[in-house]
Structures are given as C-alpha cells and as structure tokens.
>>> print(open('data-v8.pdb').read())   # PDB, C-alpha atoms
ATOM      1  CA  MET A   1     -21.106  27.303  -1.902
ATOM      2  CA  PRO A   2     -19.044  24.209  -0.913
ATOM      3  CA  SER A   3     -15.589  24.751   0.528
ATOM      4  CA  THR A   4     -12.273  23.702  -1.015
ATOM      5  CA  VAL A   5     -11.211  20.250   0.220
ATOM      6  CA  THR A   6      -7.609  19.004   0.238
ATOM      7  CA  VAL A   7      -6.804  15.327   0.796
ATOM      8  CA  THR A   8      -3.266  14.201   1.656
ATOM      9  CA  ALA A   9      -2.706  10.435   1.789
ATOM     10  CA  PRO A  10       0.299   8.255   2.718
ATOM     11  CA  SER A  11       1.756   5.351   0.728
ATOM     12  CA  ARG A  12       1.367   1.674   1.568
ATOM     13  CA  LEU A  13       3.959  -1.081   1.919
ATOM     14  CA  HIS A  14       2.347  -4.507   1.526
ATOM     15  CA  PHE A  15       4.281  -7.363   3.152
ATOM     16  CA  GLY A  16       2.331 -10.068   1.297
ATOM     17  CA  LEU A  17      -0.989 -11.815   0.831
ATOM     18  CA  LEU A  18      -2.177 -14.498   3.214
ATOM     19  CA  GLY A  19      -3.730 -16.796   0.646
ATOM     20  CA  PHE A  20      -5.853 -17.188  -2.467
ATOM     21  CA  GLY A  21      -7.212 -19.863  -4.761
ATOM     22  CA  GLY A  22      -9.979 -21.276  -2.576
ATOM     23  CA  ALA A  23      -8.042 -23.524  -0.192
ATOM     24  CA  SER A  24      -9.761 -21.763   2.724
ATOM     25  CA  GLU A  25     -13.040 -19.901   3.160
ATOM     26  CA  ARG A  26     -11.383 -16.511   3.470
ATOM     27  CA  GLN A  27      -9.444 -15.208   0.478
ATOM     28  CA  PHE A  28      -6.527 -12.801   0.153
ATOM     29  CA  GLY A  29      -5.916 -11.039   3.483
ATOM     30  CA  GLY A  30      -2.549  -9.593   4.319
ATOM     31  CA  VAL A  31      -0.423  -7.289   6.410
ATOM     32  CA  GLY A  32       1.380  -4.043   5.706
ATOM     33  CA  VAL A  33       2.178  -0.544   6.929
ATOM     34  CA  MET A  34       1.557   3.012   5.864
ATOM     35  CA  ILE A  35       4.522   5.346   5.323
ATOM     36  CA  GLU A  36       4.723   9.132   5.113
ATOM     37  CA  GLN A  37       6.620   9.370   1.836
ATOM     38  CA  PRO A  38       5.849   9.569  -0.983
ATOM     39  CA  SER A  39       2.502  11.175  -0.235
ATOM     40  CA  LEU A  40      -0.411  11.894  -2.535
ATOM     41  CA  GLN A  41      -2.309  15.159  -2.499
ATOM     42  CA  LEU A  42      -5.379  16.312  -4.393
ATOM     43  CA  ARG A  43      -7.635  19.325  -4.100
ATOM     44  CA  ILE A  44     -11.347  19.687  -4.867
ATOM     45  CA  ALA A  45     -12.593  23.237  -5.366
ATOM     46  CA  PRO A  46     -15.962  24.734  -6.321
ATOM     47  CA  ALA A  47     -16.494  25.362 -10.043
ATOM     48  CA  ASP A  48     -19.265  25.816 -12.590
ATOM     49  CA  ARG A  49     -18.724  22.313 -13.985
ATOM     50  CA  LEU A  50     -16.599  19.224 -13.439
ATOM     51  CA  SER A  51     -12.989  19.344 -14.584
ATOM     52  CA  VAL A  52      -9.966  17.228 -13.676
ATOM     53  CA  HIS A  53      -6.363  18.422 -13.903
ATOM     54  CA  GLY A  54      -2.832  17.539 -12.864
ATOM     55  CA  LEU A  55      -1.141  14.190 -12.388
ATOM     56  CA  ALA A  56      -3.061  10.986 -13.158
ATOM     57  CA  HIS A  57      -6.023  13.042 -14.381
ATOM     58  CA  GLU A  58      -7.378  10.252 -16.598
ATOM     59  CA  ARG A  59      -7.371   7.818 -13.683
ATOM     60  CA  VAL A  60      -9.004  10.404 -11.444
ATOM     61  CA  SER A  61     -11.752  10.873 -14.041
ATOM     62  CA  ARG A  62     -12.500   7.136 -13.949
ATOM     63  CA  PHE A  63     -12.700   7.193 -10.146
ATOM     64  CA  VAL A  64     -15.095  10.157 -10.330
ATOM     65  CA  GLU A  65     -17.302   8.257 -12.792
ATOM     66  CA  HIS A  66     -17.306   5.185 -10.531
ATOM     67  CA  TRP A  67     -18.122   7.281  -7.459
ATOM     68  CA  SER A  68     -20.937   9.118  -9.261
ATOM     69  CA  ALA A  69     -22.486   5.874 -10.546
ATOM     70  CA  PHE A  70     -22.257   4.258  -7.107
ATOM     71  CA  HIS A  71     -24.079   7.164  -5.476
ATOM     72  CA  GLU A  72     -26.560   7.493  -8.382
ATOM     73  CA  LEU A  73     -26.199  11.246  -8.547
ATOM     74  CA  ASP A  74     -29.184  13.033 -10.077
ATOM     75  CA  HIS A  75     -27.144  16.095 -11.016
ATOM     76  CA  PRO A  76     -23.691  16.646 -12.526
ATOM     77  CA  LEU A  77     -20.773  17.423 -10.249
ATOM     78  CA  ALA A  78     -19.628  21.021 -10.219
ATOM     79  CA  CYS A  79     -16.027  21.092  -9.016
ATOM     80  CA  ARG A  80     -12.423  21.269 -10.120
ATOM     81  CA  ILE A  81     -10.209  18.343  -9.051
ATOM     82  CA  TYR A  82      -6.463  18.823  -9.200
ATOM     83  CA  VAL A  83      -3.793  16.252  -8.245
ATOM     84  CA  LEU A  84      -0.874  18.231  -6.846
ATOM     85  CA  HIS A  85       1.534  15.315  -6.340
ATOM     86  CA  ALA A  86       1.407  11.528  -6.414
ATOM     87  CA  PRO A  87       3.786   8.534  -6.301
ATOM     88  CA  ARG A  88       4.759   6.703  -9.463
ATOM     89  CA  SER A  89       2.087   4.150 -10.343
ATOM     90  CA  HIS A  90       2.420   0.355 -10.339
ATOM     91  CA  ILE A  91       5.570   0.053  -8.234
ATOM     92  CA  GLY A  92       4.039  -1.550  -5.143
ATOM     93  CA  LEU A  93       3.080   1.503  -3.082
ATOM     94  CA  GLY A  94      -0.691   1.137  -3.406
ATOM     95  CA  SER A  95      -1.020   4.456  -5.242
ATOM     96  CA  GLY A  96      -4.192   3.380  -7.064
ATOM     97  CA  THR A  97      -6.029   2.628  -3.827
ATOM     98  CA  GLN A  98      -4.841   5.824  -2.172
ATOM     99  CA  LEU A  99      -5.840   7.873  -5.220
ATOM    100  CA  GLY A 100      -9.263   6.262  -5.523
ATOM    101  CA  LEU A 101     -10.014   6.652  -1.832
ATOM    102  CA  ALA A 102      -8.738  10.239  -1.858
ATOM    103  CA  VAL A 103     -11.166  11.039  -4.677
ATOM    104  CA  ALA A 104     -14.081   9.287  -2.936
ATOM    105  CA  ALA A 105     -13.369  10.651   0.550
ATOM    106  CA  GLY A 106     -12.721  14.115  -0.856
ATOM    107  CA  LEU A 107     -16.000  14.180  -2.773
ATOM    108  CA  ASN A 108     -17.843  12.872   0.301
ATOM    109  CA  ARG A 109     -16.489  15.783   2.329
ATOM    110  CA  PHE A 110     -16.959  18.297  -0.504
ATOM    111  CA  LEU A 111     -20.659  17.401  -0.689
ATOM    112  CA  ASP A 112     -20.969  16.953   3.080
ATOM    113  CA  ARG A 113     -21.896  13.259   2.867
ATOM    114  CA  GLU A 114     -21.463  10.863   5.802
ATOM    115  CA  VAL A 115     -20.194   7.604   4.273
ATOM    116  CA  SER A 116     -18.743   4.520   6.019
ATOM    117  CA  VAL A 117     -15.299   3.084   5.352
ATOM    118  CA  ILE A 118     -16.741   0.107   3.479
ATOM    119  CA  GLU A 119     -19.073   2.232   1.354
ATOM    120  CA  THR A 120     -16.255   4.655   0.564
ATOM    121  CA  ALA A 121     -14.098   1.731  -0.598
ATOM    122  CA  ARG A 122     -16.940   0.353  -2.710
ATOM    123  CA  SER A 123     -17.604   3.742  -4.270
ATOM    124  CA  ALA A 124     -13.941   3.834  -5.339
ATOM    125  CA  GLY A 125     -13.902   0.198  -6.490
ATOM    126  CA  ARG A 126     -11.135  -0.700  -4.008
ATOM    127  CA  GLY A 127     -10.636  -3.523  -1.497
ATOM    128  CA  LEU A 128     -11.460  -6.210  -4.050
ATOM    129  CA  ARG A 129      -8.569  -8.319  -2.757
ATOM    130  CA  SER A 130      -6.463  -7.140   0.176
ATOM    131  CA  ALA A 131      -7.869  -4.285   2.272
ATOM    132  CA  VAL A 132      -4.542  -3.217   3.836
ATOM    133  CA  GLY A 133      -4.406   0.007   1.808
ATOM    134  CA  THR A 134      -8.072   0.751   2.452
ATOM    135  CA  TYR A 135      -7.853   0.578   6.231
ATOM    136  CA  GLY A 136      -4.446   2.219   6.090
ATOM    137  CA  PHE A 137      -5.909   5.198   4.235
ATOM    138  CA  PHE A 138      -8.318   5.846   7.082
ATOM    139  CA  GLN A 139      -6.206   4.838  10.101
ATOM    140  CA  GLY A 140      -2.517   4.620   9.217
ATOM    141  CA  GLY A 141      -0.163   2.305  11.114
ATOM    142  CA  LEU A 142       0.227  -1.441  10.646
ATOM    143  CA  ILE A 143      -2.844  -3.144   9.215
ATOM    144  CA  TRP A 144      -3.561  -6.866   9.678
ATOM    145  CA  GLU A 145      -6.580  -8.444   7.994
ATOM    146  CA  ARG A 146      -7.414 -12.129   7.537
ATOM    147  CA  GLY A 147      -9.209 -11.974   4.190
ATOM    148  CA  LYS A 148     -12.832 -11.920   3.099
ATOM    149  CA  THR A 149     -15.566 -14.443   2.378
ATOM    150  CA  ASN A 150     -17.710 -14.369  -0.752
ATOM    151  CA  GLY A 151     -20.405 -12.442   1.101
ATOM    152  CA  GLU A 152     -18.157  -9.607   2.293
ATOM    153  CA  ALA A 153     -17.448  -6.444   0.314
ATOM    154  CA  ILE A 154     -13.985  -6.061   1.853
ATOM    155  CA  SER A 155     -11.996  -7.975   4.438
ATOM    156  CA  PRO A 156     -12.817  -7.172   8.079
ATOM    157  CA  LEU A 157     -10.037  -5.414   9.969
ATOM    158  CA  GLU A 158      -8.327  -7.858  12.316
ATOM    159  CA  GLN A 159      -5.961  -5.437  14.024
ATOM    160  CA  ARG A 160      -4.424  -2.000  13.596
ATOM    161  CA  VAL A 161      -1.367  -0.954  15.632
ATOM    162  CA  ALA A 162       0.855   2.125  15.596
ATOM    163  CA  ILE A 163       4.454   1.765  14.415
ATOM    164  CA  PRO A 164       7.130   3.389  16.625
ATOM    165  CA  GLY A 165       7.720   6.872  15.285
ATOM    166  CA  THR A 166      11.522   6.564  15.305
ATOM    167  CA  TRP A 167      11.557   3.556  12.944
ATOM    168  CA  ARG A 168      12.471   4.252   9.348
ATOM    169  CA  PHE A 169      11.723   2.588   6.024
ATOM    170  CA  VAL A 170      14.352   2.716   3.295
ATOM    171  CA  VAL A 171      12.536   2.264  -0.009
ATOM    172  CA  ILE A 172      14.504   1.198  -3.083
ATOM    173  CA  CYS A 173      12.820   1.107  -6.489
ATOM    174  CA  PRO A 174      14.451   0.331  -9.875
ATOM    175  CA  LYS A 175      13.511   3.124 -12.277
ATOM    176  CA  GLN A 176      12.920   0.964 -15.360
ATOM    177  CA  GLN A 177      10.700  -1.703 -13.810
ATOM    178  CA  VAL A 178       7.007  -1.822 -12.931
ATOM    179  CA  GLY A 179       4.837  -4.383 -11.187
ATOM    180  CA  LEU A 180       1.686  -6.059 -12.441
ATOM    181  CA  SER A 181      -1.629  -4.223 -12.352
ATOM    182  CA  GLY A 182      -5.078  -4.229 -13.897
ATOM    183  CA  GLU A 183      -5.819  -7.016 -16.351
ATOM    184  CA  GLY A 184      -2.243  -8.319 -16.173
ATOM    185  CA  GLU A 185      -2.601  -8.777 -12.422
ATOM    186  CA  ARG A 186      -6.001 -10.460 -12.755
ATOM    187  CA  THR A 187      -4.651 -12.875 -15.373
ATOM    188  CA  ALA A 188      -1.614 -13.692 -13.234
ATOM    189  CA  MET A 189      -3.733 -14.337 -10.135
ATOM    190  CA  ALA A 190      -5.966 -16.688 -12.111
ATOM    191  CA  ARG A 191      -2.942 -18.749 -13.200
ATOM    192  CA  LEU A 192      -1.532 -19.262  -9.718
ATOM    193  CA  PRO A 193      -2.193 -22.471  -7.773
ATOM    194  CA  PRO A 194      -4.041 -22.183  -4.434
ATOM    195  CA  VAL A 195      -2.003 -21.350  -1.338
ATOM    196  CA  PRO A 196      -2.144 -24.433   0.947
ATOM    197  CA  VAL A 197      -3.907 -24.038   4.277
ATOM    198  CA  GLU A 198      -0.685 -25.099   6.038
ATOM    199  CA  THR A 199       1.158 -22.173   4.449
ATOM    200  CA  GLN A 200      -1.616 -19.778   5.432
ATOM    201  CA  ASN A 201      -1.484 -21.039   9.020
ATOM    202  CA  ARG A 202       2.274 -20.475   9.067
ATOM    203  CA  LEU A 203       1.815 -16.901   7.844
ATOM    204  CA  VAL A 204      -0.849 -16.202  10.463
ATOM    205  CA  ALA A 205       1.514 -17.482  13.170
ATOM    206  CA  ILE A 206       4.319 -15.216  11.948
ATOM    207  CA  VAL A 207       2.051 -12.165  12.230
ATOM    208  CA  GLU A 208       0.323 -12.968  15.510
ATOM    209  CA  ASP A 209       3.139 -14.713  17.407
ATOM    210  CA  ARG A 210       6.089 -12.628  16.233
ATOM    211  CA  MET A 211       5.292  -9.523  14.200
ATOM    212  CA  LEU A 212       2.625  -7.901  16.378
ATOM    213  CA  PRO A 213       4.369  -8.679  19.704
ATOM    214  CA  ALA A 214       7.594  -7.202  18.307
ATOM    215  CA  VAL A 215       5.815  -3.919  17.520
ATOM    216  CA  ALA A 216       4.399  -3.850  21.051
ATOM    217  CA  ARG A 217       7.937  -4.297  22.474
ATOM    218  CA  GLU A 218       9.351  -1.800  19.940
ATOM    219  CA  ASP A 219      11.830  -4.514  18.902
ATOM    220  CA  CYS A 220      12.718  -3.431  15.367
ATOM    221  CA  ASP A 221      15.110  -6.335  14.668
ATOM    222  CA  GLU A 222      12.595  -9.029  15.630
ATOM    223  CA  PHE A 223       9.876  -7.208  13.729
ATOM    224  CA  GLY A 224      12.141  -7.044  10.694
ATOM    225  CA  GLU A 225      12.967 -10.755  10.831
ATOM    226  CA  ALA A 226       9.257 -11.588  11.064
ATOM    227  CA  VAL A 227       8.462  -9.302   8.128
ATOM    228  CA  PHE A 228      11.281 -10.835   6.068
ATOM    229  CA  GLU A 229      10.050 -14.373   6.714
ATOM    230  CA  PHE A 230       6.431 -13.454   6.045
ATOM    231  CA  GLY A 231       7.356 -11.787   2.749
ATOM    232  CA  ARG A 232       9.513 -14.663   1.573
ATOM    233  CA  VAL A 233       6.948 -17.355   2.427
ATOM    234  CA  SER A 234       4.108 -15.335   0.916
ATOM    235  CA  GLY A 235       6.222 -14.465  -2.112
ATOM    236  CA  GLU A 236       6.902 -18.122  -2.935
ATOM    237  CA  ALA A 237       3.214 -18.461  -3.852
ATOM    238  CA  PHE A 238       3.918 -16.093  -6.751
ATOM    239  CA  ALA A 239       7.005 -17.976  -8.000
ATOM    240  CA  PRO A 240       5.241 -19.308 -11.142
ATOM    241  CA  ILE A 241       4.814 -15.678 -12.256
ATOM    242  CA  GLN A 242       7.832 -13.938 -10.685
ATOM    243  CA  GLY A 243      10.373 -16.742 -10.975
ATOM    244  CA  GLY A 244      10.888 -16.808  -7.211
ATOM    245  CA  ALA A 245       9.861 -15.079  -4.000
ATOM    246  CA  TYR A 246      10.802 -11.706  -5.542
ATOM    247  CA  ASN A 247       9.985 -10.151  -8.900
ATOM    248  CA  GLY A 248      13.102 -10.899 -10.867
ATOM    249  CA  ALA A 249      16.801 -11.616 -10.426
ATOM    250  CA  ARG A 250      17.771  -8.039  -9.622
ATOM    251  CA  LEU A 251      15.369  -7.754  -6.702
ATOM    252  CA  GLU A 252      16.436 -11.168  -5.417
ATOM    253  CA  HIS A 253      20.080 -10.026  -5.553
ATOM    254  CA  LEU A 254      19.297  -6.752  -3.775
ATOM    255  CA  VAL A 255      17.494  -8.573  -0.975
ATOM    256  CA  GLU A 256      20.457 -10.930  -0.531
ATOM    257  CA  ARG A 257      22.963  -8.063  -0.507
ATOM    258  CA  ILE A 258      20.937  -6.064   2.035
ATOM    259  CA  ARG A 259      20.689  -9.111   4.291
ATOM    260  CA  GLU A 260      24.440  -9.714   3.997
ATOM    261  CA  ASN A 261      25.008  -6.114   5.107
ATOM    262  CA  GLY A 262      22.857  -6.585   8.207
ATOM    263  CA  GLY A 263      19.497  -5.313   6.946
ATOM    264  CA  VAL A 264      17.222  -7.936   8.480
ATOM    265  CA  GLY A 265      13.796  -6.429   7.749
ATOM    266  CA  VAL A 266      13.846  -6.402   3.973
ATOM    267  CA  GLY A 267      11.100  -7.351   1.552
ATOM    268  CA  GLN A 268       9.189  -6.589  -1.624
ATOM    269  CA  SER A 269       6.018  -4.522  -1.462
ATOM    270  CA  SER A 270       3.179  -6.204  -3.368
ATOM    271  CA  TRP A 271       4.343  -7.069  -6.928
ATOM    272  CA  GLY A 272       7.278  -4.668  -6.573
ATOM    273  CA  PRO A 273       9.595  -3.460  -7.849
ATOM    274  CA  ALA A 274       9.733  -1.389  -4.652
ATOM    275  CA  LEU A 275      11.802  -3.014  -1.909
ATOM    276  CA  TYR A 276      11.835  -1.794   1.683
ATOM    277  CA  VAL A 277      14.281  -2.099   4.556
ATOM    278  CA  ILE A 278      13.001  -1.528   8.104
ATOM    279  CA  VAL A 279      15.566   0.005  10.471
ATOM    280  CA  PRO A 280      15.431   1.472  14.019
ATOM    281  CA  GLY A 281      16.278   5.065  13.122
ATOM    282  CA  GLU A 282      17.500   7.724  10.686
ATOM    283  CA  LYS A 283      21.217   6.966  11.127
ATOM    284  CA  ASN A 284      20.620   3.271  10.427
ATOM    285  CA  ALA A 285      18.702   4.201   7.284
ATOM    286  CA  GLN A 286      21.491   6.414   5.963
ATOM    287  CA  PHE A 287      24.071   3.732   6.801
ATOM    288  CA  THR A 288      22.094   1.190   4.767
ATOM    289  CA  ILE A 289      22.005   3.532   1.786
ATOM    290  CA  ASP A 290      25.722   4.365   2.035
ATOM    291  CA  GLN A 291      26.667   0.672   2.086
ATOM    292  CA  LEU A 292      24.683  -0.058  -1.059
ATOM    293  CA  ARG A 293      25.950   3.011  -2.883
ATOM    294  CA  GLU A 294      29.554   1.976  -2.305
ATOM    295  CA  THR A 295      28.955  -1.220  -4.278
ATOM    296  CA  GLY A 296      26.979   0.418  -7.096
ATOM    297  CA  GLU A 297      23.841  -1.496  -6.108
ATOM    298  CA  LEU A 298      21.719   1.635  -6.276
ATOM    299  CA  ASP A 299      22.505   2.579  -9.880
ATOM    300  CA  ASP A 300      19.308   3.414 -11.805
ATOM    301  CA  THR A 301      17.111   3.289  -8.709
ATOM    302  CA  ASP A 302      14.965   5.746  -6.825
ATOM    303  CA  ILE A 303      15.666   5.610  -3.104
ATOM    304  CA  TRP A 304      14.246   7.471  -0.145
ATOM    305  CA  ILE A 305      13.805   7.300   3.615
ATOM    306  CA  SER A 306      10.373   7.551   5.196
ATOM    307  CA  GLY A 307       8.934   7.489   8.669
ATOM    308  CA  PRO A 308       5.795   5.494   9.443
ATOM    309  CA  ASP A 309       2.400   7.114   9.017
ATOM    310  CA  ASN A 310       0.181   6.416  12.027
ATOM    311  CA  GLN A 311      -2.534   8.909  11.153
ATOM    312  CA  GLY A 312      -3.867   7.985   7.720
ATOM    313  CA  ALA A 313      -5.204  10.475   5.215
ATOM    314  CA  ARG A 314      -5.629  14.092   6.290
ATOM    315  CA  ILE A 315      -8.573  16.070   4.968
ATOM    316  CA  THR A 316      -8.525  19.841   5.346
ATOM    317  CA  ILE A 317     -11.210  22.363   4.447
ATOM    318  CA  GLU A 318     -10.710  25.979   3.366
ATOM    319  CA  GLY A 319     -13.386  28.618   3.049
TER
END
>>> encode(input="data-v8.pdb", output="structure tokens")
Amino acid sequence: MPSTVTVTAPSRLHFGLLGFGGASERQFGGVGVMIEQPSLQLRIAPADRLSVHGLAHERVSRFVEHWSAFHELDHPLACRIYVLHAPRSHIGLGSGTQLGLAVAAGLNRFLDREVSVIETARSAGRGLRSAVGTYGFFQGGLIWERGKTNGEAISPLEQRVAIPGTWRFVVICPKQQVGLSGEGERTAMARLPPVPVETQNRLVAIVEDRMLPAVAREDCDEFGEAVFEFGRVSGEAFAPIQGGAYNGARLEHLVERIRENGGVGVGQSSWGPALYVIVPGEKNAQFTIDQLRETGELDDTDIWISGPDNQGARITIEG
C-alpha cells in the first residue's frame, strides 16, 4: 500500500514581470523570492477511493482532475487529500501555483512517479506566464527568469541564488482587498499595451547589475533599492489597470510612508494587495511594524514577519 505523503510549500513574493505584449521574442519573465511564511501544507493518504477535504478543497479537486487528465490515468485514484493550512488566495503570494504544484508533486511521490519540473508544472497547469513560483517551489531562494518563447512550456531558469538567512520580509496585506486572478487577470493582461524593449532592457540591467550582485555581497540596502526600482518600473506597465505602479491609492500611500520611514526595499507582490518590506534582520522588521502602527497605517491589515525560504517545498513520507 502507498505511504502517506505530506507536502509543505513556501509562499512567493513576485517583484514584477519583465515584459509582455509581443515587443520582444520572450514574454513575461520576472524575478522574486520564496518566503517561509505563510506556508501551505497538504497530506495525501491511502484510501479506498478519492476524496478531498480541508481548505481550498474545490480548487484541489480541479488540480487533481488536471493532473489525472495530463497523465491519462487508466484507473481512478484511491487516496484522501487534506489541506491542513494555506495562505489566503489572490493576495499576491502565489498560493495557486504552490497549491497546484503541491498536489502534482505529492501525487507523483504518492504513486512513486519520476516526473521532471517542467512536466510537473504542466500537469498542474502552472507556469503559463511567469515561472518564478514554479522554480521557487522546487528550489527556494531568489528566482530570475527571462521569459519564454512560443515554443516553450515554461520559461527557462536564468539564475537561482540563496537569500541571506538573517534577512527578513515584512508582509503587509489589507484585509478587504484582493488582487486579480483567473479570467479577470487574463482580460486585464489582454488590455495592456506592450512593454517597450527599452523598459525590458532597463529591468534586466536592474536585476543583473544591481540586484544579484547585492545578494552576493549580502548588501540588504542596495538589494532593497534595486527591488524597489524594479517593482516601480515594472508596475508602471500595469497603470492602465491599477491606476499607477501599485494597485490603488492605499497601497501607493503605504509604499510612500514606508519609504519616508527608511524602508528602502518595499514593493507590491504581483497584483497585490500584499506589500513587502525587505530588512536586514528581525529587529529592523519589528521597528518597521512599530513605526507604522504608531500612525494607524496598519489598521485593517494582516501583517507578519518571515524569513527567506532557500529550500523550496519539503516532501515527507510516513509508513
């Protein structure tokens, strides 16, 4: 009988897309990091028939159907899938990708299948645009990818580097706001004008000339400034939908206030509403939170501190 498989996956902060709209051969691309919290965890156990329980069970069922169709199973699955905990959906943490890959990777291990990263992503229906969360699921750390051509299933991985373990990410998320997803996201992307090649070249230079060298030197302030600039330049491409580089006036105000208080590495993850602030250590993170709380800026928000995740998803087997 198969063993019980538990998959624990990190969350993803996406600093921004490189480009879209056909101005260059490669589309989408991007850069981002994996963080420890909030994590996602699901368990797959032997059973007489397939059943799905716990958080996001309807979404899990769709991922199972997609995985089964991709692999053309000739027999029904016999297992119980239970989501123990998961981040809130559609707030910019890449929870859909992490959930889909956790289902696919978990089923691969449950049935003792050897499946590549690309095939696992395809079986979950992920990596259609940016592949930051896909590579991050498997490897953790900072993920840099330049986008994909029409003939590629997902973007090739350009570079993966570990983030210094002492760095911290303060994540701030308004409780009553969600980002775009699904059909709304597809419609919005179709309405946006192409990102000019000159802008894409500028973004590439920020990553390769400033961001990656700063990680290598463990220079958190320079890394943060590079991330801030990348996010703002990338975010301007979404201004026709968002109204600016950030998704709404409140997020724009929060970014400005954090910068005024000395938080240099601040940005919006994907469509938001999650914002992040990158700081050198735990004390800096708590100081950032205390400053914002004094002014009432954190009313009606979820806020937490996370370390980087340099490992990626963990899969454990019992029995």
>>> residues_around(input="data-v8.pdb", residues="region 110-122 of chain A", least_positions_apart="5", cutoff="7 Å", atoms="only C-alpha atoms", output="number ranges by chain")
A: 2-3, 5, 101, 104-105, 127, 134, 154
>>> resolve_selection(input="data-v8.pdb", expression="the PyMOL selection byres ((chain A and resi 215) around 12)", output="compact mmCIF listing (two decimals) with C-alpha atoms, in the frame of the given file")
# COMPACT_ATOMS: atom_id res chain seq x y z
CA VAL A 33 2.18 -0.54 6.93
CA GLY A 141 -0.16 2.31 11.11
CA LEU A 142 0.23 -1.44 10.65
CA ARG A 160 -4.42 -2.00 13.60
CA VAL A 161 -1.37 -0.95 15.63
CA ALA A 162 0.86 2.12 15.60
CA ILE A 163 4.45 1.76 14.42
CA PRO A 164 7.13 3.39 16.62
CA GLY A 165 7.72 6.87 15.28
CA TRP A 167 11.56 3.56 12.94
CA VAL A 207 2.05 -12.16 12.23
CA GLU A 208 0.32 -12.97 15.51
CA ASP A 209 3.14 -14.71 17.41
CA ARG A 210 6.09 -12.63 16.23
CA MET A 211 5.29 -9.52 14.20
CA LEU A 212 2.62 -7.90 16.38
CA PRO A 213 4.37 -8.68 19.70
CA ALA A 214 7.59 -7.20 18.31
CA ALA A 216 4.40 -3.85 21.05
CA ARG A 217 7.94 -4.30 22.47
CA GLU A 218 9.35 -1.80 19.94
CA ASP A 219 11.83 -4.51 18.90
CA CYS A 220 12.72 -3.43 15.37
CA ASP A 221 15.11 -6.34 14.67
CA GLU A 222 12.60 -9.03 15.63
CA PHE A 223 9.88 -7.21 13.73
CA GLY A 224 12.14 -7.04 10.69
CA GLU A 225 12.97 -10.76 10.83
CA ALA A 226 9.26 -11.59 11.06
CA VAL A 227 8.46 -9.30 8.13
CA PRO A 280 15.43 1.47 14.02
>>> closest_atom_pairs(input="data-v8.pdb", of="region 16-92 of chain A", to="region 262-275 of chain A", cutoff="12 Å", atoms="only C-alpha atoms", output="JSON lines")
{"residue": "A:Gly16", "atom": "CA", "partner": "A:Ser270", "partner_atom": "CA", "distance": 6.1}
{"residue": "A:Leu17", "atom": "CA", "partner": "A:Ser270", "partner_atom": "CA", "distance": 8.2}
{"residue": "A:Leu18", "atom": "CA", "partner": "A:Ser270", "partner_atom": "CA", "distance": 11.9}
{"residue": "A:Gly30", "atom": "CA", "partner": "A:Ser270", "partner_atom": "CA", "distance": 10.2}
{"residue": "A:Val31", "atom": "CA", "partner": "A:Ser270", "partner_atom": "CA", "distance": 10.5}
{"residue": "A:Gly32", "atom": "CA", "partner": "A:Ser269", "partner_atom": "CA", "distance": 8.6}
{"residue": "A:Val33", "atom": "CA", "partner": "A:Ser269", "partner_atom": "CA", "distance": 10.0}
{"residue": "A:Met34", "atom": "CA", "partner": "A:Ser269", "partner_atom": "CA", "distance": 11.4}
{"residue": "A:Pro87", "atom": "CA", "partner": "A:Ala274", "partner_atom": "CA", "distance": 11.7}
{"residue": "A:Arg88", "atom": "CA", "partner": "A:Ala274", "partner_atom": "CA", "distance": 10.6}
{"residue": "A:Ser89", "atom": "CA", "partner": "A:Gly272", "partner_atom": "CA", "distance": 10.9}
{"residue": "A:His90", "atom": "CA", "partner": "A:Gly272", "partner_atom": "CA", "distance": 7.9}
{"residue": "A:Ile91", "atom": "CA", "partner": "A:Gly272", "partner_atom": "CA", "distance": 5.3}
{"residue": "A:Gly92", "atom": "CA", "partner": "A:Gly272", "partner_atom": "CA", "distance": 4.7}
>>> axis_aligned_box(input="data-v8.pdb", around="region 301-306 of chain A", padding_each_side="4 Å", output="JSON")
{"center_x": 13.7, "center_y": 5.4, "center_z": -1.8, "size_x": 14.7, "size_y": 12.3, "size_z": 21.9}
>>> atom_distance(input="data-v8.pdb", atom1="CA of Glu294 (chain A)", atom2="CA of Ser306 (chain A)")
21.3 Å
>>> resolve_selection(input="data-v8.pdb", expression="the PyMOL selection byres ((chain A and resi 40) around 9)", output="ChimeraX atom specification")
/A:7-11,37-39,41-42,83-87,95,98-99,102
>>> resolve_selection(input="data-v8.pdb", expression="the PyMOL selection byres ((chain A and resi 175) around 9)", output="VMD selection string")
chain A and resid 173 to 174 176 to 178 273 300 to 302
>>> write_last_selection(input="data-v8.pdb", atoms="C-alpha atoms", output="compact mmCIF listing (two decimals), in the coordinates of the input")
# COMPACT_ATOMS: atom_id res chain seq x y z
CA CYS A 173 12.82 1.11 -6.49
CA PRO A 174 14.45 0.33 -9.88
CA GLN A 176 12.92 0.96 -15.36
CA GLN A 177 10.70 -1.70 -13.81
CA VAL A 178 7.01 -1.82 -12.93
CA PRO A 273 9.60 -3.46 -7.85
CA ASP A 300 19.31 3.41 -11.80
CA THR A 301 17.11 3.29 -8.71
CA ASP A 302 14.96 5.75 -6.82
>>> atom_distance(input="data-v8.pdb", atom1="CA of Glu145 (chain A)", atom2="CA of Arg129 (chain A)")
10.9 Å
>>> closest_residue(input="data-v8.pdb", among="A:Gly22, A:Gly54, A:Gly29, A:Gly96", to="Leu203 (chain A)", atoms="all atoms listed in the file")
A:Gly29
>>> residues_around(input="data-v8.pdb", residues="Pro240 (chain A)", least_positions_apart="3", cutoff="9 Å", atoms="only C-alpha atoms", output="list in words")
Arg191, Leu192, Pro193, Glu236, Ala237, Gly243 and Gly244 of chain A
